[in-house]
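Below: the structure, in structure tokens.
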Amino acid sequence: MNKRIVLGITGGIAAYKACELTRLCVKAGIEVDVVMTEAATRFITPATFQALANRPVWTDLWDAREPKSMAHIEVTRGAAGVVIVPATANFMAKLVHGAADDLLSTLCLARQPGSPLLVAPAMNVEMWLQTPTQRNVAQLREDGITVMGPGSGAQACGEIGDGRMLEPAQIFGYIEALFAPKILKGKRFVITAGPTEEPIDPVRVITNTSSGKMGYSIAAAAAAAGAEVTLISGPTHLDTPAGVTKVSVKTAKEMFAAVQQAVTGANVFVAVAAVADYHVANYSERKLKKDERHPGLTIELEQNPDILAWAAQQKGLFCVGFAAESHDVLVNAEAKRKRKNIPLLVANKAQDAFGQDENEITLIDDAGRHPLPRGRKADLARELITHIASKL
Ligand code: CTP
């Protein structure tokens with residue numbers, strides 16, 4: 001079956017980002033039928049999208065090209081979804097009311113039941129915060145339409161705030177998810193990711209170099225496979241993946257408390273976080289001062305709770321652990337799996353894994369070792385999710 005989406009473009013300056021999104025889709029083997037509103041063509045020409053998508057672009061409700069029937073019906077049939085990038089405040093208002101006064105709004109209204117519609121709002125912060133816009137966004141969500149973002153930051157108008165469109169790579173994550181088989185439908189996942197921070201005094205912490213990339217990739221892959229995902233994350237610079245609920249924490253104790261709360265009713269716990277094994281016992285309420293007379297300074301450490309070992313004792317919860325080892329990776333990992341009493345452990349070399357976009361992992365379970373060749377963390381995450389699904 002051909003992979004195909006309908007990409008709707010409405011009239012906002014963020015329309016230029018839809019070019020990059022089209023390129024990402026085409027590169028991934030997804031056919032893109034671009035439909036532009038009249039206002040969108042004021043920002044970018046249809047010829048640009050035709051060149052990128054290598055397919056004709058639709059702009060006119062009265063276009064006679066569709067041989068079988070009418071473009072407003074046929075273009076969406078057989079497509080995995082309609083994705084509006086960018087979606088203006090005006091276009092969202094039209095969707096809320098079922099208005100159909102141009103090709104794009106008409107084909108949104110004419111799509112079949114259950115056919116996904118996703119919108120990426122992009123507008124000035126004041127337009128975004130206005131009561132009518134907020135009311136319309138709430139209504140779109142209620143109608144089952146996926147609202148992607150928006151993010152926050154510097155805007156084309158020079159103002160700063162909410163209403164900035166998500167980046168093409170983030171929107172692409174939502175599109176990839178449209179095509180993933182829903183092998184985890186009805187399952188609830190709790191995933192920890194990133195480093196923890198253990199404070200020494202009000203401004204200093206002990207932490208590690210985990211970037212959170214592996215944990216976030218697993219959360220994205222689980223959500224794309226239809227799972228309900230809670231991601232409990234230490235401090236990272238990563239965007240929350242599509243369809244994932246994120247809980248931000250700092251210390252190992254905060255992470256433990258968040259996990260204890262989140263696992264009620266969950267089916268799977270994946271411990272990817274690089275949790276600090278110790279916290280500072282002699283935390284100083286005051287910022288520590290350099291003392292010339294005492295060149296040495298001792299920080300006392302106390303052990304943190306082992307979150308994964310606790311989770312492994314919870315009935316009905318399938319636990320997956322990670323072992324980041326610097327030496328004797330597989331032997332140490334196998335011992336760790338037995339010690340923590342968990343069905344599935346992912347072994348990797350700490351030096352290769354931390355902060356990198358790629359990794360090399362071995363899955364270890366009762367059936368033995370399953371090495372996965374070196375690859376992008378996003379691809380490894382999908383393979384891990386398929387393996388977990390087969391064990392449930
Ligand atoms: N982990 C956890 N809570 C901790 C420490 C670790 O949930 N307080 C989880 C990690 O998320 C990972 C696994 O346990 O899934 C392995 O952690 P690691 O630090 O590699 O192993 P340790 O059990 O701490 O053993 P060691 O430090 O001896 O390697």
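Starting from 1 in every chain, residues are counted up; chains themselves are A, B, ... following the order of the structure tokens, and ligands are numbered from 1 as listed.
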
Legend entry - Test item: residues lying within 7 Å of ligand 1 with only C-alpha atoms and all ligand atoms, as a count of residues only: 21

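Near Ala353 of chain A, within a cut-off of 12 Å and counting only C-alpha atoms, sit the residues A:Thr209, A:Ser210, A:Ser211, A:Gly212, A:Lys213, A:Met214, A:Gly215, A:Val272, A:Ala274, A:Phe322, A:Ala323, A:Ala324, A:Glu325, A:Ser326, A:Val346, A:Ala347, A:Asn348, A:Lys349, A:Asp357, A:Glu358, A:Asn359, A:Glu360, A:Ile361, A:Arg374, A:Gly375, A:Arg376, A:Lys377, with same-chain residues fewer than 4 positions away left out.
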
Requested write-out: N, CA and C atoms of the selected residues, as a compact mmCIF listing (two decimals), in the first residue's frame:
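Saved to selection_38.txt:
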```txt
# COMPACT_ATOMS: atom_id res chain seq x y z
N THR A 209 25.93 12.99 31.95
CA THR A 209 25.85 13.53 30.58
C THR A 209 24.73 12.89 29.74
N SER A 210 23.78 12.22 30.39
CA SER A 210 22.66 11.66 29.62
C SER A 210 21.89 12.79 28.92
N SER A 211 21.57 12.60 27.63
CA SER A 211 20.84 13.63 26.88
C SER A 211 19.34 13.39 26.91
N GLY A 212 18.93 12.15 27.22
CA GLY A 212 17.50 11.79 27.19
C GLY A 212 17.03 11.29 25.84
N LYS A 213 17.93 11.30 24.82
CA LYS A 213 17.49 10.97 23.45
C LYS A 213 16.90 9.56 23.33
N MET A 214 17.53 8.58 24.00
CA MET A 214 17.02 7.20 23.88
C MET A 214 15.64 7.09 24.52
N GLY A 215 15.48 7.64 25.72
CA GLY A 215 14.18 7.56 26.42
C GLY A 215 13.09 8.27 25.65
N VAL A 272 14.76 4.16 31.47
CA VAL A 272 15.87 4.56 30.59
C VAL A 272 16.73 5.64 31.26
N ALA A 274 19.18 7.87 33.41
CA ALA A 274 20.46 7.67 34.10
C ALA A 274 20.30 8.28 35.49
N PHE A 322 17.67 -0.64 31.59
CA PHE A 322 18.83 -0.35 30.76
C PHE A 322 20.08 -0.56 31.60
N ALA A 323 21.11 -1.06 30.98
CA ALA A 323 22.39 -1.16 31.66
C ALA A 323 23.42 -0.42 30.82
N ALA A 324 23.94 0.67 31.38
CA ALA A 324 25.01 1.39 30.68
C ALA A 324 26.30 1.00 31.37
N GLU A 325 27.08 0.18 30.68
CA GLU A 325 28.32 -0.34 31.27
C GLU A 325 29.51 0.17 30.47
N SER A 326 30.62 0.39 31.18
CA SER A 326 31.81 0.83 30.46
C SER A 326 32.67 -0.36 30.03
N VAL A 346 18.13 -3.93 28.44
CA VAL A 346 18.81 -3.43 27.24
C VAL A 346 20.23 -3.06 27.64
N ALA A 347 21.21 -3.73 27.04
CA ALA A 347 22.60 -3.46 27.38
C ALA A 347 23.23 -2.54 26.35
N ASN A 348 23.96 -1.55 26.82
CA ASN A 348 24.75 -0.72 25.89
C ASN A 348 26.01 -0.22 26.56
N LYS A 349 26.94 0.21 25.72
CA LYS A 349 28.21 0.70 26.23
C LYS A 349 28.04 2.18 26.56
N ASP A 357 23.44 10.37 18.83
CA ASP A 357 22.20 10.15 18.07
C ASP A 357 22.05 8.68 17.68
N GLU A 358 23.18 7.97 17.67
CA GLU A 358 23.16 6.55 17.32
C GLU A 358 23.59 5.72 18.52
N ASN A 359 23.31 4.44 18.48
CA ASN A 359 23.70 3.56 19.56
C ASN A 359 23.76 2.12 19.04
N GLU A 360 24.32 1.24 19.86
CA GLU A 360 24.34 -0.19 19.53
C GLU A 360 23.87 -0.89 20.79
N ILE A 361 22.81 -1.67 20.69
CA ILE A 361 22.25 -2.27 21.91
C ILE A 361 22.06 -3.77 21.75
N ARG A 374 24.20 -1.41 15.03
CA ARG A 374 24.29 0.02 15.27
C ARG A 374 23.30 0.79 14.40
N GLY A 375 22.57 1.75 15.00
CA GLY A 375 21.59 2.50 14.22
C GLY A 375 21.13 3.74 14.96
N ARG A 376 20.25 4.51 14.29
CA ARG A 376 19.67 5.71 14.92
C ARG A 376 18.85 5.29 16.14
N LYS A 377 18.89 6.11 17.19
CA LYS A 377 18.14 5.76 18.40
C LYS A 377 16.65 5.61 18.08
```

Inset, instruction - List every residue of segment 219-296 of chain A that DSSP, applied to the backbone of this structure, places in alpha helix (DSSP H), and write the result as a ChimeraX atom specification. - result: /A:219-224,252-262

Inset, instruction - Using only C-alpha atoms, find the one residue out of A:Ala47, A:Leu344, A:Val82, A:Leu61 that sits nearest to Leu7 of chain A. - result: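 The closest residue to Leu7 of chain A is A:Val82.
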
Inset, instruction - For each of A:Ala99, A:Leu184, A:Met127, A:Ala220, take the minimum atom-to-atom distance to Asp239 of chain A, counting only C-alpha atoms, then give the residue where this is smallest. - result: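 Between A:Ala99, A:Leu184, A:Met127, A:Ala220, the residue approaching Asp239 of chain A most closely is A:Ala220.
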
Legend entry - Among listed residues A:Pro202, A:Pro371, A:Gly81, A:Pro168, nearest Leu24 of chain A (using only C-alpha atoms): A:Pro168

Legend entry - Nearest to Leu118 of chain A, chosen from A:Leu297, A:Tyr174, A:His72, A:Thr88, with only C-alpha atoms counted in the distances: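 Closest to Leu118 of chain A, using only C-alpha atoms: A:Tyr174.
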
Legend entry - Residue with smallest distance to Leu301 of chain A - pool A:Arg42, A:Arg337, A:His279, A:Arg55, counting only C-alpha atoms: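 With only C-alpha atoms as the atom set, the closest residue is A:His279.
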
Inset, instruction - Just the residues within 8 Å of Ala100 of chain A, please, counting only C-alpha atoms, with nothing from its chain fewer than 6 positions along; format it as a list in words. - result: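 Everything that qualifies: Lys94, Thr106 and Leu109 of chain A.
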
Same residues, N, CA and C atoms, output as a CSV table (one decimal), in the first residue's frame:
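To be explicit, this is the file written out as result.csv:
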```
chain,number,residue,atom,x,y,z
A,94,LYS,N,-12.9,28.2,10.8
A,94,LYS,CA,-13.7,27.5,9.7
A,94,LYS,C,-14.0,26.1,10.0
A,106,THR,N,-13.3,22.5,2.3
A,106,THR,CA,-14.4,21.5,1.8
A,106,THR,C,-13.9,20.1,1.9
A,109,LEU,N,-14.1,18.8,5.4
A,109,LEU,CA,-15.5,18.5,5.8
A,109,LEU,C,-15.9,17.2,5.1
```
